[in-house]
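As stored in protein_36.txt (compact mmCIF, C-alpha atoms):
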# COMPACT_ATOMS: atom_id res chain seq x y z
CA MET O 1 191.04 114.24 65.31
CA ARG O 2 189.35 117.58 65.67
CA THR O 3 186.45 116.24 63.56
CA TYR O 4 185.97 113.22 65.85
CA ARG O 5 185.89 115.44 68.91
CA TRP O 6 183.22 117.59 67.29
CA LEU O 7 181.12 114.53 66.40
CA ALA O 8 181.50 113.11 69.90
CA GLY O 9 180.38 116.39 71.44
CA LEU O 10 177.38 116.54 69.14
CA THR O 11 176.44 112.97 70.09
CA VAL O 12 176.61 113.75 73.83
CA PHE O 13 174.50 116.87 73.31
CA ALA O 14 171.90 114.85 71.38
CA LEU O 15 171.72 112.24 74.16
CA ILE O 16 171.26 114.91 76.84
CA ALA O 17 168.54 116.58 74.80
CA ALA O 18 166.74 113.27 74.31
CA LEU O 19 166.83 112.46 78.02
CA ALA O 20 165.90 115.90 79.27
CA PRO O 21 162.22 116.48 80.10
CA LEU O 22 160.35 118.52 77.51
CA HIS O 23 158.41 121.60 78.70
CA VAL O 24 155.72 122.17 76.09
CA MET O 25 152.74 124.49 76.51
CA ALA O 26 149.75 122.15 76.67
CA ALA O 27 146.65 122.91 74.60
CA PRO O 28 143.44 123.39 76.60
CA THR O 29 141.75 120.09 77.31
CA ALA O 30 138.07 119.63 76.64
CA GLN O 31 135.60 119.34 79.47
CA SER O 32 132.76 117.03 78.57
CA GLY O 33 129.14 117.45 79.53
CA ASN O 34 127.19 120.40 80.80
CA LEU O 35 129.35 123.01 82.55
CA ILE O 36 126.32 124.76 84.07
CA THR O 37 125.53 124.28 87.75
CA ASN O 38 121.93 123.10 88.20
CA GLY O 39 120.92 123.73 84.59
CA GLY O 40 117.48 122.20 85.12
CA PHE O 41 116.80 124.27 88.28
CA GLU O 42 115.93 121.00 90.01
CA THR O 43 117.90 121.80 93.17
CA SER O 44 116.35 124.52 95.31
CA SER O 45 116.71 125.45 98.97
CA GLY O 46 113.52 127.48 99.10
CA ALA O 47 115.22 130.70 97.99
CA ALA O 48 113.84 132.86 95.20
CA THR O 49 116.42 131.49 92.74
CA ALA O 50 117.50 127.88 92.25
CA THR O 51 120.76 126.66 93.75
CA GLY O 52 123.80 127.93 91.82
CA TRP O 53 121.90 130.86 90.30
CA SER O 54 121.59 134.46 91.46
CA ALA O 55 119.15 137.20 90.48
CA TRP O 56 120.06 140.31 88.51
CA TRP O 57 117.93 143.25 87.45
CA LEU O 58 117.93 146.82 86.17
CA GLU O 59 116.09 149.62 87.96
CA THR O 60 115.40 152.93 86.21
CA ALA O 61 113.17 155.84 87.18
CA ARG O 62 109.60 156.12 86.00
CA PRO O 63 109.54 158.75 83.20
CA SER O 64 107.48 161.89 83.59
CA ASP O 65 105.76 161.35 80.23
CA GLY O 66 103.70 158.49 81.66
CA SER O 67 105.22 155.89 79.34
CA PHE O 68 106.35 152.42 80.40
CA ASN O 69 109.95 152.92 79.31
CA TYR O 70 111.46 152.13 82.69
CA ALA O 71 112.49 149.07 84.69
CA PHE O 72 111.19 147.89 88.06
CA ARG O 73 112.62 145.18 90.31
CA PRO O 74 110.55 142.01 89.68
CA SER O 75 110.15 138.85 91.80
CA TRP O 76 111.83 135.47 91.36
CA ASN O 77 110.65 132.01 92.36
CA VAL O 78 111.27 128.38 91.47
CA GLU O 79 108.16 126.91 89.86
CA GLN O 80 107.43 123.32 90.95
CA ARG O 81 105.03 120.76 89.50
CA SER O 82 104.82 119.13 92.91
CA ALA O 83 103.60 122.43 94.40
CA GLY O 84 100.86 122.89 91.80
CA ALA O 85 102.62 124.89 89.09
CA ALA O 86 101.12 124.72 85.62
CA ALA O 87 102.69 121.90 83.64
CA GLU O 88 103.24 124.06 80.56
CA PHE O 89 105.57 126.38 82.51
CA ILE O 90 108.02 123.57 83.31
CA ARG O 91 109.78 122.07 80.30
CA THR O 92 111.24 118.96 81.94
CA GLY O 93 111.59 117.60 85.45
CA ASN O 94 109.87 119.19 88.44
CA ASN O 95 111.21 122.76 88.40
CA SER O 96 111.79 125.84 86.30
CA GLN O 97 112.96 129.35 87.17
CA ARG O 98 110.36 132.11 86.99
CA VAL O 99 110.76 135.90 86.95
CA ILE O 100 107.51 137.88 87.27
CA ASN O 101 105.98 141.26 88.02
CA SER O 102 102.60 142.96 87.77
CA TRP O 103 101.95 146.20 85.90
CA ASP O 104 105.45 147.67 86.23
CA PRO O 105 107.79 146.65 83.36
CA TRP O 106 111.08 144.97 84.14
CA TYR O 107 114.43 143.93 82.68
CA ALA O 108 115.98 141.10 84.71
CA GLY O 109 116.99 137.45 84.85
CA VAL O 110 119.37 135.02 86.53
CA LYS O 111 123.09 134.40 86.21
CA GLN O 112 126.10 132.35 87.30
CA VAL O 113 129.84 132.15 86.58
CA VAL O 114 131.36 128.79 85.62
CA SER O 115 134.80 127.37 84.83
CA ALA O 116 135.62 126.43 81.24
CA PRO O 117 138.83 125.60 79.33
CA ALA O 118 140.69 128.77 78.33
CA GLY O 119 140.68 129.16 74.55
CA ALA O 120 137.82 126.72 74.00
CA ARG O 121 134.71 127.66 72.05
CA VAL O 122 131.57 127.10 74.12
CA ARG O 123 127.87 127.21 73.33
CA LEU O 124 125.18 128.29 75.80
CA THR O 125 121.65 127.04 75.14
CA ALA O 126 118.64 127.80 77.31
CA HIS O 127 114.96 127.06 76.88
CA ALA O 128 112.56 129.86 77.67
CA ARG O 129 108.93 130.84 77.42
CA VAL O 130 106.87 133.80 78.56
CA TRP O 131 103.33 134.30 79.82
CA THR O 132 101.84 137.78 79.68
CA ALA O 133 98.18 138.42 80.45
CA ALA O 134 95.68 140.92 81.79
CA SER O 135 93.80 138.20 83.64
CA PHE O 136 94.44 135.02 85.60
CA TYR O 137 95.77 131.77 84.16
CA PRO O 138 94.78 129.93 81.94
CA THR O 139 94.28 133.12 79.92
CA PRO O 140 96.50 132.75 76.82
CA SER O 141 99.67 134.81 76.67
CA ASP O 142 99.22 138.19 75.01
CA THR O 143 101.29 137.93 71.84
CA THR O 144 101.04 141.68 71.20
CA VAL O 145 103.56 142.23 74.01
CA ALA O 146 106.99 142.14 72.35
CA VAL O 147 108.98 140.89 75.33
CA LYS O 148 112.64 140.29 74.48
CA VAL O 149 114.30 137.09 75.73
CA GLN O 150 118.05 136.55 75.29
CA VAL O 151 120.97 134.60 76.72
CA GLY O 152 124.49 135.96 77.08
CA LEU O 153 128.09 134.91 77.73
CA ASP O 154 130.98 136.95 79.09
CA PRO O 155 134.20 135.25 77.90
CA ASN O 156 136.20 137.06 80.59
CA GLY O 157 134.27 135.53 83.48
CA SER O 158 132.58 138.72 84.71
CA ASP O 159 129.30 138.41 86.61
CA ASN O 160 128.23 141.85 85.34
CA GLN O 161 125.44 141.41 82.82
CA PHE O 162 125.98 144.99 81.62
CA ALA O 163 129.68 144.51 80.79
CA SER O 164 130.62 145.56 77.26
CA GLY O 165 132.23 142.18 76.52
CA VAL O 166 129.03 140.13 76.93
CA ALA O 167 128.01 138.31 73.75
CA TRP O 168 124.20 138.22 73.47
CA SER O 169 122.04 135.87 71.43
CA VAL O 170 119.33 136.85 69.01
CA ILE O 171 116.05 138.01 70.57
CA VAL O 172 113.18 135.53 70.84
CA THR O 173 109.60 136.10 72.02
CA PRO O 174 108.30 132.64 73.00
CA HIS O 175 104.65 133.31 73.91
CA THR O 176 103.18 130.04 72.69
CA GLY O 177 105.71 127.42 73.84
CA TRP O 178 109.23 126.68 74.94
CA GLN O 179 111.93 127.95 72.60
CA ALA O 180 115.65 127.25 72.60
CA VAL O 181 118.01 130.18 72.25
CA SER O 182 121.80 129.91 71.93
CA VAL O 183 124.97 131.97 71.83
CA GLU O 184 128.67 131.06 71.46
CA THR O 185 131.95 132.58 72.58
CA VAL O 186 135.63 131.73 73.00
CA VAL O 187 136.69 131.43 76.65
CA GLY O 188 139.27 133.98 77.79
CA SER O 189 142.61 133.25 79.42
CA GLY O 190 141.08 133.24 82.90
CA GLY O 191 139.12 130.04 82.20
CA ARG O 192 135.87 131.53 83.53
CA VAL O 193 132.61 132.41 81.74
CA GLY O 194 129.72 134.60 82.88
CA VAL O 195 126.31 133.12 82.01
CA PHE O 196 123.21 135.33 81.79
CA LEU O 197 119.52 134.61 81.12
CA ALA O 198 117.43 137.71 80.43
CA ALA O 199 113.93 138.96 79.68
CA ASP O 200 113.00 142.56 78.92
CA TYR O 201 109.43 143.87 79.36
CA ARG O 202 110.33 147.57 79.15
CA GLY O 203 107.68 149.50 77.25
CA PHE O 204 104.77 147.28 78.29
CA SER O 205 102.37 146.90 81.20
CA ARG O 206 100.10 143.96 81.99
CA GLN O 207 98.80 142.45 85.21
CA PHE O 208 101.05 139.42 84.74
CA MET O 209 104.43 139.69 82.98
CA SER O 210 106.52 136.56 83.47
CA ALA O 211 109.41 134.61 81.97
CA PHE O 212 110.38 131.00 82.61
CA PHE O 213 113.76 129.32 82.05
CA ASP O 214 114.62 125.62 82.01
CA ASP O 215 117.16 123.09 80.68
CA VAL O 216 120.24 125.32 80.40
CA THR O 217 123.46 123.85 78.98
CA LEU O 218 126.96 125.18 78.41
CA GLU O 219 129.11 122.84 76.34
CA VAL O 220 132.57 122.93 74.83
CA ILE O 221 132.10 122.62 71.06
CA SER O 222 135.73 122.99 69.96
CA VAL O 223 139.22 123.27 71.41
CA GLY O 224 141.90 124.85 69.23
CA GLY O 225 139.58 124.54 66.25
CA THR O 226 138.99 120.80 66.81
CA PRO O 227 135.29 119.94 67.27
CA VAL O 228 134.30 118.23 70.52
CA PRO O 229 131.43 115.70 70.43
CA SER O 230 128.31 117.04 72.13
CA ALA O 231 127.33 115.38 75.39
CA THR O 232 123.68 116.26 74.90
CA PRO O 233 122.27 114.94 71.60
CA THR O 234 120.48 117.35 69.30
CA LEU O 235 118.80 116.87 65.99
CA GLY O 236 121.24 117.43 63.18
CA PRO O 237 122.73 115.97 60.03
CA THR O 238 125.39 113.27 60.14
CA ALA O 239 128.33 113.18 57.72
CA THR O 240 125.95 111.94 55.01
CA GLY O 241 123.47 114.75 55.63
CA THR O 242 120.77 112.54 57.09
CA LEU O 243 119.29 112.37 60.55
CA ARG O 244 121.21 110.40 63.15
CA PRO O 245 119.59 106.95 63.37
CA THR O 246 117.18 106.20 66.17
CA SER O 247 116.59 102.71 67.54
CA THR O 248 115.80 101.49 64.01
CA PRO O 249 117.61 102.66 60.89
CA SER O 250 114.47 102.71 58.74
CA PRO O 251 112.48 105.94 58.45
CA THR O 252 109.70 106.34 60.98
CA PRO O 253 106.75 108.75 60.94
CA PRO O 254 107.12 111.87 63.04
CA ALA O 255 106.30 111.30 66.68
CA ALA O 256 103.31 113.01 68.22
CA PRO O 257 104.30 116.31 69.80
CA THR O 258 105.26 116.13 73.46
CA GLY O 259 105.93 118.84 76.01
CA ALA O 260 109.48 119.36 74.69
CA PRO O 261 110.02 120.67 71.15
CA GLU O 262 112.73 119.17 68.98
CA THR O 263 115.39 121.57 67.81
CA TYR O 264 118.02 121.81 65.08
CA VAL O 265 121.23 123.88 65.07
CA VAL O 266 121.82 125.64 61.74
CA LYS O 267 124.96 124.52 59.92
CA ARG O 268 127.00 126.23 57.20
CA GLY O 269 125.19 126.00 53.85
CA ASP O 270 121.73 125.48 55.38
CA THR O 271 118.66 127.33 54.18
CA LEU O 272 115.16 127.26 55.62
CA GLY O 273 114.02 125.38 52.53
CA SER O 274 116.68 122.66 52.89
CA ILE O 275 115.97 122.28 56.61
CA ALA O 276 112.22 122.01 55.97
CA ARG O 277 112.79 119.32 53.33
CA ARG O 278 115.21 117.43 55.59
CA PHE O 279 112.63 117.13 58.36
CA GLY O 280 109.56 116.71 56.17
CA LEU O 281 108.07 120.09 57.06
CA SER O 282 106.45 122.83 55.05
CA LEU O 283 108.46 126.03 54.80
CA SER O 284 105.55 128.05 56.20
CA ALA O 285 105.30 125.78 59.27
CA LEU O 286 109.03 126.15 59.98
CA ILE O 287 108.83 129.93 59.65
CA ALA O 288 105.78 130.14 61.92
CA ALA O 289 107.27 127.87 64.60
CA ASN O 290 110.31 130.14 64.91
CA ASN O 291 108.70 133.57 64.46
CA ILE O 292 111.04 134.26 61.53
CA ARG O 293 110.48 137.63 59.88
CA ASP O 294 113.02 137.30 57.06
CA PRO O 295 113.03 133.74 55.61
CA ASN O 296 116.23 134.52 53.70
CA ARG O 297 118.23 135.32 56.83
CA ILE O 298 119.38 132.56 59.19
CA PHE O 299 122.84 132.12 60.66
CA VAL O 300 125.23 129.34 61.65
CA GLY O 301 124.59 128.25 65.23
CA GLN O 302 120.98 129.47 65.29
CA VAL O 303 118.65 127.02 67.07
CA LEU O 304 115.40 126.32 65.23
CA ILE O 305 112.31 124.57 66.56
CA ILE O 306 111.60 121.65 64.26
CA ARG O 307 108.60 120.13 66.00
CA GLY O 308 106.87 122.12 68.69
CA GLY O 309 105.67 120.73 71.98
CA ALA O 310 102.05 120.43 73.05
CA SER O 311 100.67 120.46 76.54
CA GLN O 312 97.18 120.19 77.94
CA PRO O 313 95.85 123.25 79.78
CA THR O 314 95.80 122.64 83.49
CA VAL O 315 93.70 124.70 85.88
CA VAL O 316 95.92 125.51 88.84
CA THR O 317 96.22 128.13 91.52
CA LEU O 318 98.42 131.20 91.14
CA ILE O 319 101.24 131.30 93.68
CA TYR O 320 103.09 134.38 94.93
CA VAL O 321 106.31 134.35 96.98
CA VAL O 322 106.30 137.03 99.67
CA GLN O 323 109.03 139.66 99.28
CA ARG O 324 110.57 142.06 101.81
CA GLY O 325 108.15 144.94 102.51
CA ASP O 326 105.03 143.01 101.46
CA ASN O 327 101.83 142.90 103.48
CA LEU O 328 98.46 141.28 102.80
CA SER O 329 96.83 144.55 101.74
CA ARG O 330 99.52 145.29 99.16
CA ILE O 331 99.42 141.75 97.76
CA ALA O 332 95.61 141.82 97.61
CA ARG O 333 95.64 145.08 95.60
CA ARG O 334 98.31 143.71 93.25
CA TYR O 335 96.26 140.62 92.41
CA ASN O 336 92.85 142.33 92.44
CA THR O 337 91.47 140.43 95.42
CA THR O 338 90.77 141.09 99.13
CA VAL O 339 92.67 140.45 102.34
CA ALA O 340 89.81 138.25 103.54
CA GLN O 341 90.05 136.13 100.39
CA LEU O 342 93.83 135.77 100.77
CA LYS O 343 93.36 134.61 104.35
CA ALA O 344 90.73 132.10 103.30
CA TRP O 345 92.81 130.69 100.42
CA ASN O 346 95.89 130.32 102.64
CA ASN O 347 94.28 129.43 106.00
CA LEU O 348 95.90 132.44 107.65
CA PRO O 349 94.77 133.07 111.27
CA GLY O 350 96.02 136.67 111.22
CA ASP O 351 97.81 139.30 109.14
CA THR O 352 101.35 138.02 109.76
CA ILE O 353 103.29 136.80 106.72
CA PHE O 354 107.03 136.26 106.21
CA VAL O 355 109.56 136.68 103.42
CA GLY O 356 109.72 133.58 101.21
CA GLN O 357 106.25 132.37 102.17
CA ARG O 358 104.23 131.00 99.23
CA LEU O 359 100.71 132.39 99.06
CA ILE O 360 97.79 131.43 96.85
CA VAL O 361 96.75 134.70 95.20
CA GLY O 362 94.31 133.51 92.56
CA PRO O 363 92.28 130.52 91.41

Structure encoded using structure tokens:
Amino acid sequence: MRTYRWLAGLTVFALIAALAPLHVMAAPTAQSGNLITNGGFETSSGAATATGWSAWWLETARPSDGSFNYAFRPSWNVEQRSAGAAAEFIRTGNNSQRVINSWDPWYAGVKQVVSAPAGARVRLTAHARVWTAASFYPTPSDTTVAVKVQVGLDPNGSDNQFASGVAWSVIVTPHTGWQAVSVETVVGSGGRVGVFLAADYRGFSRQFMSAFFDDVTLEVISVGGTPVPSATPTLGPTATGTLRPTSTPSPTPPAAPTGAPETYVVKRGDTLGSIARRFGLSLSALIAANNIRDPNRIFVGQVLIIRGGASQPTVVTLIYVVQRGDNLSRIARRYNTTVAQLKAWNNLPGDTIFVGQRLIVGP
């Protein structure tokens, strides 16, 4: 009898447990697509930075030894094809974000903080290029200037680009075309990520020192170790180690270069030689396209240019966005011209200018 009571009690307990709601800690769910706000910089309200982005910079004192190892506050503006910007300084669409200064070196960029699933692994990819010259465009960029371009992620959601927890990418110096640069991190428990785009001209001085950013993406690549399909297709091997098929499964000759280079993300087991063979390239061409110093050293997640873009030189005017404290005399000296010439180029009836005004400062 005692045994039956025990069995009956166990049965009731099992029924209650089956009917009771289960409270299980849910794994983070993947967010699909690009988590970045305005990653193409296409939305702009006329401010110095595109909508969703804010400027950041470092300022340090000019050293007494006369060197250029200091940082000055540069200028920001949204470059626009429709307003006459050079086509090669906009990767896709109508806009890109520019940071620029003359003569004084700078270390600066743009940033934003976005939401992402806590515990997920995310990858930030941005496309960048620089133009550095001692004369007006279309003077080629001075490749002797070793400007450092990087992107960074703070997994704890800080908007402080100098925080110790920021994970920075490798350094690239994209003088001759757009180059993709990437970095990955695991999102902290707060579900927020700080995103930073940076260029560093410290140590150098030229009349024009600029950096351009375009086509920024932040994607979840895995949740709890489970890969998440990418929302933005990239070149890469399928399960069989071949290129993903295009509209026809048969091999096709390489397309003529366009304004946007094709890229490949390095996978485990890759070498430069195997990647070159996969895409029908010479090893020397792959090394040159990516400014690789040590051909034996590449890493998983590194973004390589497979086929570079090509753009036709376009003769355009140089535009300057007026900053607080500017006047026509100061701008004329900065761009080696005269106040009279500035007035003529911009149809100015007098000396009055205003912050945010776009001025033609060179042919």

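Proximity to O:Val151 was assessed for O:Ile90, O:Leu328, O:Val166, O:Ile275 counting all atoms listed in the file; the smallest distance is recorded for O:Val166.
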
Please identify every residue of stretch 44-69 of chain O that has at least one atom no farther than 12 Å from an atom of stretch 96-100 of chain O, counting all atoms listed in the file, and for each give the shortest atom pair and the distance in Å to one decimal, arranged by chain then increasing number, as a Markdown table.
| residue | atom | partner | partner_atom | distance |
| --- | --- | --- | --- | --- |
| O:Ser44 | CA | O:Gln97 | CA | 10.1 |
| O:Ala47 | CA | O:Gln97 | CA | 11.1 |
| O:Ala48 | CA | O:Gln97 | CA | 8.8 |
| O:Thr49 | CA | O:Gln97 | CA | 6.9 |
| O:Ala50 | CA | O:Gln97 | CA | 7.0 |
| O:Thr51 | CA | O:Gln97 | CA | 10.6 |
| O:Gly52 | CA | O:Gln97 | CA | 11.9 |
| O:Trp53 | CA | O:Gln97 | CA | 9.6 |
| O:Ser54 | CA | O:Gln97 | CA | 10.9 |
| O:Ala55 | CA | O:Val99 | CA | 9.2 |
| O:Trp56 | CA | O:Val99 | CA | 10.4 |
| O:Trp57 | CA | O:Val99 | CA | 10.3 |

> So which one's closest to O:Phe72, O:Trp168, O:Tyr137, O:Trp178, O:Phe204? Using all atoms listed in the file, please.
Replying inline: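 Among O:Trp168, O:Tyr137, O:Trp178, O:Phe204, it is O:Phe204 that comes nearest to O:Phe72.
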
>> What's around O:Asn101 at 12 Å? Count only C-alpha atoms, leave out sequence neighbours fewer than 2 positions away in its own chain, and write the answer as a PyMOL selection string.
In response: chain O and resi 71-77+98-99+103-108+131-133+199-202+204-211+320-321+323+331+334-335

> Quick one: distance from atom CA of O:Gly191 to atom CA of O:Val114 in Å, one decimal?
Replying inline: 8.6 Å

>> List as a list in words the protein and nucleic acid residues near O:Gly177, meaning an atom at most 7 Å away when all atoms listed in the file are counted, but skip any in the same chain fewer than 2 places from it.
In response: Arg129, Pro174, His175, Gln179 and Gly309 of chain O

> How far is it from atom CA of O:Gly39 to atom CA of O:Asp214, in Å with one decimal?
Replying inline: 7.1 Å

>> Report, in Å to a single decimal, how far apart atom CA of O:Arg358 and atom CA of O:Val147 are.
In response: 26.3 Å

> Given the choices O:Arg268, O:Ala180, O:Asn336, O:Phe213, which gets closest to O:Ile306 if the distance is worked out from all atoms listed in the file?
Replying inline: O:Ala180

>> Measuring between all atoms listed in the file, which one of O:Ile360, O:Val223, O:Leu281, O:Ile319 shows the shortest distance to O:Glu79?
In response: O:Ile319

So that I can check the surroundings of O:Glu184, please list as a PDB file with C-alpha atoms, in the frame of the given file every protein, DNA and RNA residue that reaches within 8 Å of it, counting all atoms listed in the file and ignoring chain neighbours fewer than 5 positions away.
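Result went into result_29.pdb, see below:
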ATOM      1  CA  ARG O 121     134.710 127.660  72.050  1.00  0.00           C
ATOM      2  CA  VAL O 122     131.570 127.100  74.120  1.00  0.00           C
ATOM      3  CA  ARG O 123     127.870 127.210  73.330  1.00  0.00           C
ATOM      4  CA  LEU O 124     125.180 128.290  75.800  1.00  0.00           C
ATOM      5  CA  LEU O 153     128.090 134.910  77.730  1.00  0.00           C
ATOM      6  CA  ALA O 167     128.010 138.310  73.750  1.00  0.00           C
ATOM      7  CA  GLY O 301     124.590 128.250  65.230  1.00  0.00           C
TER       8      GLY O 301
END

Some atoms are missing, so please complete stretch 102-121 of chain O with N, CA, C and O atoms and return it as a PDB file, in the coordinates of the input.
ATOM      1  N   SER O 102     103.919 142.476  88.203  1.00  0.00           N
ATOM      2  CA  SER O 102     102.600 142.960  87.770  1.00  0.00           C
ATOM      3  C   SER O 102     102.650 144.444  87.497  1.00  0.00           C
ATOM      4  O   SER O 102     103.149 145.225  88.334  1.00  0.00           O
ATOM      5  N   TRP O 103     102.139 144.814  86.331  1.00  0.00           N
ATOM      6  CA  TRP O 103     101.950 146.200  85.900  1.00  0.00           C
ATOM      7  C   TRP O 103     103.252 146.926  85.578  1.00  0.00           C
ATOM      8  O   TRP O 103     103.374 147.508  84.505  1.00  0.00           O
ATOM      9  N   ASP O 104     104.196 146.957  86.500  1.00  0.00           N
ATOM     10  CA  ASP O 104     105.450 147.670  86.230  1.00  0.00           C
ATOM     11  C   ASP O 104     106.365 146.833  85.345  1.00  0.00           C
ATOM     12  O   ASP O 104     106.639 145.668  85.649  1.00  0.00           O
ATOM     13  N   PRO O 105     106.889 147.403  84.248  1.00  0.00           N
ATOM     14  CA  PRO O 105     107.790 146.650  83.360  1.00  0.00           C
ATOM     15  C   PRO O 105     109.119 146.354  84.048  1.00  0.00           C
ATOM     16  O   PRO O 105     109.497 147.009  85.016  1.00  0.00           O
ATOM     17  N   TRP O 106     109.816 145.368  83.530  1.00  0.00           N
ATOM     18  CA  TRP O 106     111.080 144.970  84.140  1.00  0.00           C
ATOM     19  C   TRP O 106     112.061 144.448  83.100  1.00  0.00           C
ATOM     20  O   TRP O 106     111.669 144.022  82.020  1.00  0.00           O
ATOM     21  N   TYR O 107     113.339 144.507  83.473  1.00  0.00           N
ATOM     22  CA  TYR O 107     114.430 143.930  82.680  1.00  0.00           C
ATOM     23  C   TYR O 107     115.326 143.210  83.681  1.00  0.00           C
ATOM     24  O   TYR O 107     116.024 143.835  84.481  1.00  0.00           O
ATOM     25  N   ALA O 108     115.316 141.871  83.649  1.00  0.00           N
ATOM     26  CA  ALA O 108     115.980 141.100  84.710  1.00  0.00           C
ATOM     27  C   ALA O 108     116.191 139.671  84.247  1.00  0.00           C
ATOM     28  O   ALA O 108     115.833 139.287  83.133  1.00  0.00           O
ATOM     29  N   GLY O 109     116.769 138.859  85.145  1.00  0.00           N
ATOM     30  CA  GLY O 109     116.990 137.450  84.850  1.00  0.00           C
ATOM     31  C   GLY O 109     117.788 136.786  85.959  1.00  0.00           C
ATOM     32  O   GLY O 109     117.765 137.239  87.113  1.00  0.00           O
ATOM     33  N   VAL O 110     118.505 135.739  85.597  1.00  0.00           N
ATOM     34  CA  VAL O 110     119.370 135.020  86.530  1.00  0.00           C
ATOM     35  C   VAL O 110     120.721 134.802  85.887  1.00  0.00           C
ATOM     36  O   VAL O 110     120.858 134.895  84.660  1.00  0.00           O
ATOM     37  N   LYS O 111     121.729 134.514  86.733  1.00  0.00           N
ATOM     38  CA  LYS O 111     123.090 134.400  86.210  1.00  0.00           C
ATOM     39  C   LYS O 111     123.925 133.484  87.083  1.00  0.00           C
ATOM     40  O   LYS O 111     123.555 133.167  88.217  1.00  0.00           O
ATOM     41  N   GLN O 112     125.073 133.067  86.546  1.00  0.00           N
ATOM     42  CA  GLN O 112     126.100 132.350  87.300  1.00  0.00           C
ATOM     43  C   GLN O 112     127.414 132.459  86.526  1.00  0.00           C
ATOM     44  O   GLN O 112     127.430 132.795  85.343  1.00  0.00           O
ATOM     45  N   VAL O 113     128.524 132.174  87.208  1.00  0.00           N
ATOM     46  CA  VAL O 113     129.840 132.150  86.580  1.00  0.00           C
ATOM     47  C   VAL O 113     130.387 130.734  86.717  1.00  0.00           C
ATOM     48  O   VAL O 113     130.333 130.145  87.806  1.00  0.00           O
ATOM     49  N   VAL O 114     130.888 130.168  85.615  1.00  0.00           N
ATOM     50  CA  VAL O 114     131.360 128.790  85.620  1.00  0.00           C
ATOM     51  C   VAL O 114     132.782 128.720  85.069  1.00  0.00           C
ATOM     52  O   VAL O 114     133.246 129.631  84.368  1.00  0.00           O
ATOM     53  N   SER O 115     133.456 127.623  85.377  1.00  0.00           N
ATOM     54  CA  SER O 115     134.800 127.370  84.830  1.00  0.00           C
ATOM     55  C   SER O 115     134.680 126.677  83.479  1.00  0.00           C
ATOM     56  O   SER O 115     133.786 125.849  83.268  1.00  0.00           O
ATOM     57  N   ALA O 116     135.576 127.032  82.570  1.00  0.00           N
ATOM     58  CA  ALA O 116     135.620 126.430  81.240  1.00  0.00           C
ATOM     59  C   ALA O 116     137.057 126.500  80.737  1.00  0.00           C
ATOM     60  O   ALA O 116     137.827 127.357  81.169  1.00  0.00           O
ATOM     61  N   PRO O 117     137.445 125.598  79.820  1.00  0.00           N
ATOM     62  CA  PRO O 117     138.830 125.600  79.330  1.00  0.00           C
ATOM     63  C   PRO O 117     139.183 126.884  78.591  1.00  0.00           C
ATOM     64  O   PRO O 117     138.475 127.293  77.670  1.00  0.00           O
ATOM     65  N   ALA O 118     140.248 127.548  79.004  1.00  0.00           N
ATOM     66  CA  ALA O 118     140.690 128.770  78.330  1.00  0.00           C
ATOM     67  C   ALA O 118     140.970 128.477  76.852  1.00  0.00           C
ATOM     68  O   ALA O 118     141.605 127.482  76.511  1.00  0.00           O
ATOM     69  N   GLY O 119     140.462 129.315  75.977  1.00  0.00           N
ATOM     70  CA  GLY O 119     140.680 129.160  74.550  1.00  0.00           C
ATOM     71  C   GLY O 119     139.672 128.274  73.857  1.00  0.00           C
ATOM     72  O   GLY O 119     139.655 128.198  72.623  1.00  0.00           O
ATOM     73  N   ALA O 120     138.817 127.599  74.614  1.00  0.00           N
ATOM     74  CA  ALA O 120     137.820 126.720  74.000  1.00  0.00           C
ATOM     75  C   ALA O 120     136.617 127.541  73.534  1.00  0.00           C
ATOM     76  O   ALA O 120     136.304 128.592  74.087  1.00  0.00           O
ATOM     77  N   ARG O 121     135.961 127.044  72.499  1.00  0.00           N
ATOM     78  CA  ARG O 121     134.710 127.660  72.050  1.00  0.00           C
ATOM     79  C   ARG O 121     133.555 126.937  72.738  1.00  0.00           C
ATOM     80  O   ARG O 121     133.482 125.708  72.713  1.00  0.00           O
TER      81      ARG O 121
END
